[in-house]
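Peer 1: My structure is stored as model.txt, with compact mmCIF, N, CA and C atoms.
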# COMPACT_ATOMS: atom_id res chain seq x y z
N MET A 1 55.56 4.25 -141.66
CA MET A 1 55.52 2.85 -142.01
C MET A 1 54.33 2.21 -141.28
N ARG A 2 53.79 1.20 -141.93
CA ARG A 2 52.68 0.45 -141.34
C ARG A 2 52.95 -1.04 -141.46
N ALA A 3 52.52 -1.78 -140.47
CA ALA A 3 52.53 -3.24 -140.50
C ALA A 3 51.08 -3.68 -140.67
N ILE A 4 50.81 -4.46 -141.74
CA ILE A 4 49.43 -4.82 -142.09
C ILE A 4 49.32 -6.32 -142.28
N TRP A 5 48.27 -6.89 -141.71
CA TRP A 5 47.93 -8.30 -141.93
C TRP A 5 46.43 -8.43 -142.00
N LYS A 6 45.94 -9.17 -142.96
CA LYS A 6 44.49 -9.35 -143.15
C LYS A 6 43.79 -8.00 -143.29
N ASP A 7 44.41 -7.08 -144.06
CA ASP A 7 43.86 -5.75 -144.30
C ASP A 7 43.65 -4.94 -143.03
N THR A 8 44.37 -5.28 -141.98
CA THR A 8 44.26 -4.57 -140.70
C THR A 8 45.63 -4.00 -140.33
N VAL A 9 45.66 -2.73 -139.97
CA VAL A 9 46.91 -2.10 -139.53
C VAL A 9 47.20 -2.56 -138.11
N ILE A 10 48.34 -3.21 -137.95
CA ILE A 10 48.76 -3.71 -136.64
C ILE A 10 49.64 -2.69 -135.93
N ALA A 11 50.45 -1.98 -136.69
CA ALA A 11 51.34 -0.96 -136.13
C ALA A 11 51.54 0.14 -137.16
N GLU A 12 51.77 1.36 -136.66
CA GLU A 12 52.02 2.48 -137.56
C GLU A 12 52.90 3.49 -136.86
N SER A 13 54.01 3.87 -137.53
CA SER A 13 54.93 4.84 -136.95
C SER A 13 55.90 5.35 -138.00
N ASP A 14 56.39 6.57 -137.79
CA ASP A 14 57.48 7.11 -138.61
C ASP A 14 58.83 6.88 -137.93
N ASP A 15 58.79 6.38 -136.70
CA ASP A 15 60.00 6.13 -135.91
C ASP A 15 60.37 4.65 -136.01
N ILE A 16 61.03 4.30 -137.10
CA ILE A 16 61.38 2.90 -137.39
C ILE A 16 62.88 2.72 -137.27
N VAL A 17 63.28 1.62 -136.64
CA VAL A 17 64.69 1.21 -136.62
C VAL A 17 64.77 -0.05 -137.47
N THR A 18 65.65 -0.03 -138.47
CA THR A 18 65.79 -1.19 -139.36
C THR A 18 67.07 -1.94 -139.00
N VAL A 19 66.92 -3.22 -138.73
CA VAL A 19 68.04 -4.10 -138.40
C VAL A 19 67.89 -5.37 -139.22
N GLU A 20 68.93 -5.70 -139.96
CA GLU A 20 68.95 -6.89 -140.81
C GLU A 20 67.72 -6.95 -141.72
N GLY A 21 67.32 -5.80 -142.23
CA GLY A 21 66.20 -5.73 -143.16
C GLY A 21 64.82 -5.77 -142.51
N ASN A 22 64.76 -5.83 -141.19
CA ASN A 22 63.48 -5.86 -140.47
C ASN A 22 63.18 -4.51 -139.85
N ALA A 23 61.94 -4.06 -140.02
CA ALA A 23 61.49 -2.80 -139.45
C ALA A 23 61.00 -3.04 -138.03
N TYR A 24 61.63 -2.36 -137.07
CA TYR A 24 61.22 -2.46 -135.67
C TYR A 24 60.41 -1.22 -135.32
N PHE A 25 59.16 -1.44 -134.91
CA PHE A 25 58.23 -0.38 -134.54
C PHE A 25 58.31 -0.13 -133.04
N PRO A 26 58.13 1.11 -132.60
CA PRO A 26 58.04 1.35 -131.16
C PRO A 26 56.88 0.53 -130.58
N ALA A 27 57.09 -0.07 -129.43
CA ALA A 27 56.04 -0.90 -128.83
C ALA A 27 54.73 -0.14 -128.66
N GLY A 28 54.81 1.15 -128.36
CA GLY A 28 53.61 1.95 -128.18
C GLY A 28 52.80 2.18 -129.45
N SER A 29 53.40 1.90 -130.61
CA SER A 29 52.69 2.09 -131.88
C SER A 29 51.98 0.82 -132.35
N VAL A 30 52.15 -0.26 -131.59
CA VAL A 30 51.57 -1.56 -131.96
C VAL A 30 50.24 -1.74 -131.24
N ARG A 31 49.23 -2.18 -131.99
CA ARG A 31 47.91 -2.43 -131.40
C ARG A 31 47.99 -3.67 -130.51
N GLN A 32 48.04 -3.47 -129.23
CA GLN A 32 48.17 -4.56 -128.27
C GLN A 32 46.94 -5.48 -128.29
N ASP A 33 45.79 -4.94 -128.68
CA ASP A 33 44.58 -5.75 -128.73
C ASP A 33 44.63 -6.83 -129.81
N LEU A 34 45.60 -6.72 -130.73
CA LEU A 34 45.75 -7.71 -131.80
C LEU A 34 46.84 -8.73 -131.51
N LEU A 35 47.53 -8.58 -130.38
CA LEU A 35 48.62 -9.49 -130.04
C LEU A 35 48.16 -10.51 -129.00
N ARG A 36 48.64 -11.73 -129.15
CA ARG A 36 48.36 -12.81 -128.21
C ARG A 36 49.69 -13.34 -127.68
N PRO A 37 49.77 -13.66 -126.40
CA PRO A 37 51.02 -14.17 -125.84
C PRO A 37 51.46 -15.47 -126.51
N SER A 38 52.75 -15.67 -126.54
CA SER A 38 53.34 -16.91 -127.06
C SER A 38 54.50 -17.28 -126.16
N SER A 39 54.72 -18.55 -125.99
CA SER A 39 55.86 -19.00 -125.18
C SER A 39 57.10 -19.21 -126.04
N HIS A 40 56.98 -18.98 -127.34
CA HIS A 40 58.09 -19.21 -128.27
C HIS A 40 59.21 -18.19 -128.05
N THR A 41 60.45 -18.66 -128.12
CA THR A 41 61.62 -17.79 -128.07
C THR A 41 62.63 -18.30 -129.09
N SER A 42 63.57 -17.44 -129.45
CA SER A 42 64.69 -17.84 -130.30
C SER A 42 65.89 -16.99 -129.89
N GLY A 43 67.07 -17.46 -130.25
CA GLY A 43 68.27 -16.75 -129.84
C GLY A 43 69.06 -16.22 -131.02
N CYS A 44 69.67 -15.08 -130.80
CA CYS A 44 70.57 -14.47 -131.77
C CYS A 44 71.87 -14.16 -131.04
N PRO A 45 73.02 -14.54 -131.62
CA PRO A 45 74.27 -14.34 -130.91
C PRO A 45 74.59 -12.87 -130.58
N TRP A 46 74.11 -11.93 -131.39
CA TRP A 46 74.46 -10.53 -131.09
C TRP A 46 73.30 -9.69 -130.60
N LYS A 47 72.04 -10.17 -130.78
CA LYS A 47 70.87 -9.41 -130.30
C LYS A 47 70.34 -9.94 -128.97
N GLY A 48 70.47 -11.24 -128.73
CA GLY A 48 69.97 -11.82 -127.49
C GLY A 48 68.81 -12.77 -127.75
N THR A 49 67.91 -12.87 -126.79
CA THR A 49 66.77 -13.79 -126.88
C THR A 49 65.53 -13.04 -127.32
N ALA A 50 64.96 -13.49 -128.44
CA ALA A 50 63.72 -12.90 -128.95
C ALA A 50 62.52 -13.62 -128.34
N HIS A 51 61.51 -12.85 -128.01
CA HIS A 51 60.24 -13.38 -127.53
C HIS A 51 59.20 -13.04 -128.59
N TYR A 52 58.12 -13.80 -128.62
CA TYR A 52 57.15 -13.67 -129.70
C TYR A 52 55.73 -13.44 -129.20
N HIS A 53 54.93 -12.86 -130.09
CA HIS A 53 53.48 -12.75 -129.94
C HIS A 53 52.87 -13.31 -131.21
N SER A 54 51.69 -13.88 -131.08
CA SER A 54 50.91 -14.20 -132.27
C SER A 54 50.04 -12.99 -132.58
N VAL A 55 49.70 -12.82 -133.85
CA VAL A 55 48.84 -11.72 -134.27
C VAL A 55 47.46 -12.30 -134.57
N ALA A 56 46.42 -11.71 -134.01
CA ALA A 56 45.05 -12.19 -134.21
C ALA A 56 44.18 -11.09 -134.78
N VAL A 57 43.58 -11.39 -135.93
CA VAL A 57 42.63 -10.47 -136.57
C VAL A 57 41.36 -11.27 -136.80
N GLY A 58 40.29 -10.89 -136.10
CA GLY A 58 39.07 -11.69 -136.18
C GLY A 58 39.36 -13.10 -135.67
N ASP A 59 38.96 -14.09 -136.44
CA ASP A 59 39.20 -15.49 -136.07
C ASP A 59 40.54 -16.01 -136.58
N ALA A 60 41.25 -15.20 -137.37
CA ALA A 60 42.53 -15.63 -137.95
C ALA A 60 43.67 -15.33 -136.97
N VAL A 61 44.55 -16.32 -136.80
CA VAL A 61 45.70 -16.16 -135.91
C VAL A 61 46.97 -16.49 -136.69
N ASN A 62 47.92 -15.59 -136.66
CA ASN A 62 49.22 -15.77 -137.30
C ASN A 62 50.22 -16.04 -136.17
N GLU A 63 50.51 -17.32 -135.96
CA GLU A 63 51.33 -17.75 -134.83
C GLU A 63 52.74 -17.15 -134.90
N ASN A 64 53.16 -16.57 -133.79
CA ASN A 64 54.53 -16.07 -133.63
C ASN A 64 54.95 -15.09 -134.72
N ALA A 65 54.03 -14.26 -135.17
CA ALA A 65 54.31 -13.34 -136.29
C ALA A 65 54.95 -12.02 -135.85
N ALA A 66 55.01 -11.78 -134.55
CA ALA A 66 55.64 -10.56 -134.04
C ALA A 66 56.71 -10.97 -133.04
N TRP A 67 57.85 -10.27 -133.07
CA TRP A 67 58.89 -10.59 -132.08
C TRP A 67 59.51 -9.32 -131.53
N PHE A 68 60.11 -9.49 -130.37
CA PHE A 68 60.75 -8.38 -129.68
C PHE A 68 61.85 -8.93 -128.78
N TYR A 69 62.76 -8.05 -128.40
CA TYR A 69 63.86 -8.40 -127.51
C TYR A 69 63.69 -7.62 -126.22
N PRO A 70 63.15 -8.24 -125.16
CA PRO A 70 62.93 -7.48 -123.92
C PRO A 70 64.22 -6.99 -123.28
N GLU A 71 65.31 -7.74 -123.47
CA GLU A 71 66.61 -7.35 -122.93
C GLU A 71 67.68 -7.59 -123.99
N PRO A 72 67.71 -6.76 -125.04
CA PRO A 72 68.70 -6.99 -126.09
C PRO A 72 70.12 -6.79 -125.57
N LYS A 73 71.05 -7.46 -126.21
CA LYS A 73 72.46 -7.25 -125.88
C LYS A 73 72.86 -5.83 -126.27
N GLN A 74 73.97 -5.37 -125.73
CA GLN A 74 74.43 -4.00 -125.96
C GLN A 74 74.49 -3.64 -127.44
N ALA A 75 74.95 -4.57 -128.27
CA ALA A 75 75.08 -4.30 -129.72
C ALA A 75 73.74 -4.01 -130.39
N ALA A 76 72.65 -4.43 -129.75
CA ALA A 76 71.31 -4.24 -130.33
C ALA A 76 70.44 -3.36 -129.44
N ALA A 77 71.03 -2.53 -128.63
CA ALA A 77 70.28 -1.69 -127.69
C ALA A 77 69.21 -0.84 -128.38
N GLU A 78 69.42 -0.49 -129.63
CA GLU A 78 68.48 0.37 -130.36
C GLU A 78 67.12 -0.28 -130.59
N ILE A 79 67.01 -1.61 -130.42
CA ILE A 79 65.71 -2.26 -130.66
C ILE A 79 64.97 -2.58 -129.36
N LYS A 80 65.48 -2.12 -128.24
CA LYS A 80 64.75 -2.30 -126.98
C LYS A 80 63.42 -1.57 -127.07
N ASP A 81 62.37 -2.19 -126.56
CA ASP A 81 61.01 -1.63 -126.58
C ASP A 81 60.48 -1.46 -127.99
N ARG A 82 60.91 -2.34 -128.90
CA ARG A 82 60.44 -2.31 -130.29
C ARG A 82 59.98 -3.69 -130.72
N VAL A 83 59.10 -3.71 -131.72
CA VAL A 83 58.50 -4.95 -132.21
C VAL A 83 58.67 -5.04 -133.72
N ALA A 84 59.01 -6.22 -134.20
CA ALA A 84 59.13 -6.47 -135.64
C ALA A 84 58.15 -7.58 -136.03
N PHE A 85 57.91 -7.72 -137.33
CA PHE A 85 56.91 -8.66 -137.82
C PHE A 85 57.46 -9.47 -138.99
N TRP A 86 56.84 -10.62 -139.22
CA TRP A 86 57.15 -11.48 -140.37
C TRP A 86 55.95 -12.37 -140.62
N LYS A 87 56.14 -13.47 -141.34
CA LYS A 87 55.10 -14.47 -141.60
C LYS A 87 53.87 -13.85 -142.27
N GLY A 88 54.12 -13.08 -143.31
CA GLY A 88 53.01 -12.54 -144.10
C GLY A 88 52.53 -11.18 -143.68
N VAL A 89 53.06 -10.64 -142.59
CA VAL A 89 52.71 -9.26 -142.21
C VAL A 89 53.49 -8.34 -143.14
N LYS A 90 52.76 -7.49 -143.87
CA LYS A 90 53.38 -6.59 -144.83
C LYS A 90 53.79 -5.28 -144.17
N ILE A 91 54.99 -4.84 -144.50
CA ILE A 91 55.48 -3.55 -144.02
C ILE A 91 55.45 -2.61 -145.22
N VAL A 92 54.67 -1.55 -145.10
CA VAL A 92 54.49 -0.62 -146.23
C VAL A 92 54.72 0.82 -145.76
N PRO A 93 55.15 1.67 -146.70
CA PRO A 93 55.33 3.09 -146.33
C PRO A 93 54.00 3.78 -146.07
Before anything else, please render the file you have as structure tokens.

Peer 2:
Amino acid sequence: MRAIWKDTVIAESDDIVTVEGNAYFPAGSVRQDLLRPSSHTSGCPWKGTAHYHSVAVGDAVNENAAWFYPEPKQAAAEIKDRVAFWKGVKIVP
């Protein structure tokens, strides 16, 4: 699977965990040079607190388009050290 935005591969891996229809990539498969820190967070009652990164390709920035759970709750332990995408980032085989 690949995560693509602006014709650029942001992440690529065959080791995907799918939760609620979202593909979670291993953190090591994500191009860190394309991520920018964000202070945005959101909460999920069963997964915990999600933290976000913006995705930057060239001069284009997709705010808060990547999220991860640094300390997921026990029910979501399988997504620890994984990153998911949205906001126009395409997930393709």

Peer 1: Residues near A:Tyr24, anyone? I mean within 6.5 Å using only N, CA and C atoms, not counting same-chain ones fewer than 3 positions away, as a list of chain:residue names.

Peer 2: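 Final neighbour list, sorted by chain and number: A:Asp15, A:Ile16, A:Val17, A:Thr18, A:Val19, A:Arg82, A:Val83, A:Ala84, A:Phe85.
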
Peer 1: What does the distance from atom CA of A:Gly21 to atom C of A:Val61 come to in Å, to one decimal?

Peer 2: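 Between these atoms lies a distance of 23.0 Å.
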
Peer 1: Rank nothing, just name the residue among A:Ile10, A:Pro72, A:Ala77, A:Pro26 nearest to A:Pro45, using only C-alpha atoms.

Peer 2: A:Pro72

Peer 1: Check stretch 6-87 of chain A with DSSP on the backbone and list each residue it calls strand (DSSP E or B), as a PyMOL selection string.

Peer 2: chain A and resi 8-12+17-19+22-26+30+35-44+48-57+60-68+82-85

Peer 1: Mind pulling up the distance from atom N of A:Tyr69 to atom CA of A:Asp7?

Peer 2: 24.8 Å

Peer 1: Do a neighbour search on A:Val9 at 10 Å with only C-alpha atoms, toss out local chain neighbours closer than 2 positions, and write the hits as a PyMOL selection string.

Peer 2: chain A and resi 2-7+11-12+30-31+34+57+89-91

Peer 1: For a quick check of your reading of the model, name the residues lying within 8 Å of the coordinate (48.0, -12.2, -126.9), counting only N, CA and C atoms, and write them as a ChimeraX atom specification.

Peer 2: /A:32-38,53-56

Peer 1: Scan for residues within 8 Å of the point (58.6, -0.1, -123.0) in the coordinates of the file, using only C-alpha atoms, and reply as a PyMOL selection string.

Peer 2: chain A and resi 27-28+80-82

Peer 1: Restricting the calculation to only N, CA and C atoms: of A:Pro93, A:Gly48, A:Lys87, A:Ala76, which residue gets closest to A:Asn64?

Peer 2: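 Using only N, CA and C atoms, the shortest distance to A:Asn64 belongs to A:Lys87.
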
Peer 1: Can you work out which one of A:Thr8, A:Lys73, A:Ser13, A:Gly88 has the shortest atom-to-atom distance to A:Lys47, counting all atoms listed in the file?

Peer 2: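 Selected residue with least distance to A:Lys47: A:Lys73.
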
Peer 1: What is the atom CA of A:Trp86 to atom CA of A:Ser42 distance in Å?

Peer 2: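 Computing the Euclidean distance for atom CA of A:Trp86 and atom CA of A:Ser42 yields 14.1 Å.
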
Peer 1: Report as a VMD selection string all protein, DNA and RNA residues lying within 8 Å of A:Ser39, evaluated on only C-alpha atoms, omitting residues in the same chain fewer than 2 positions from it.

Peer 2: chain A and resid 37 41 51 to 52
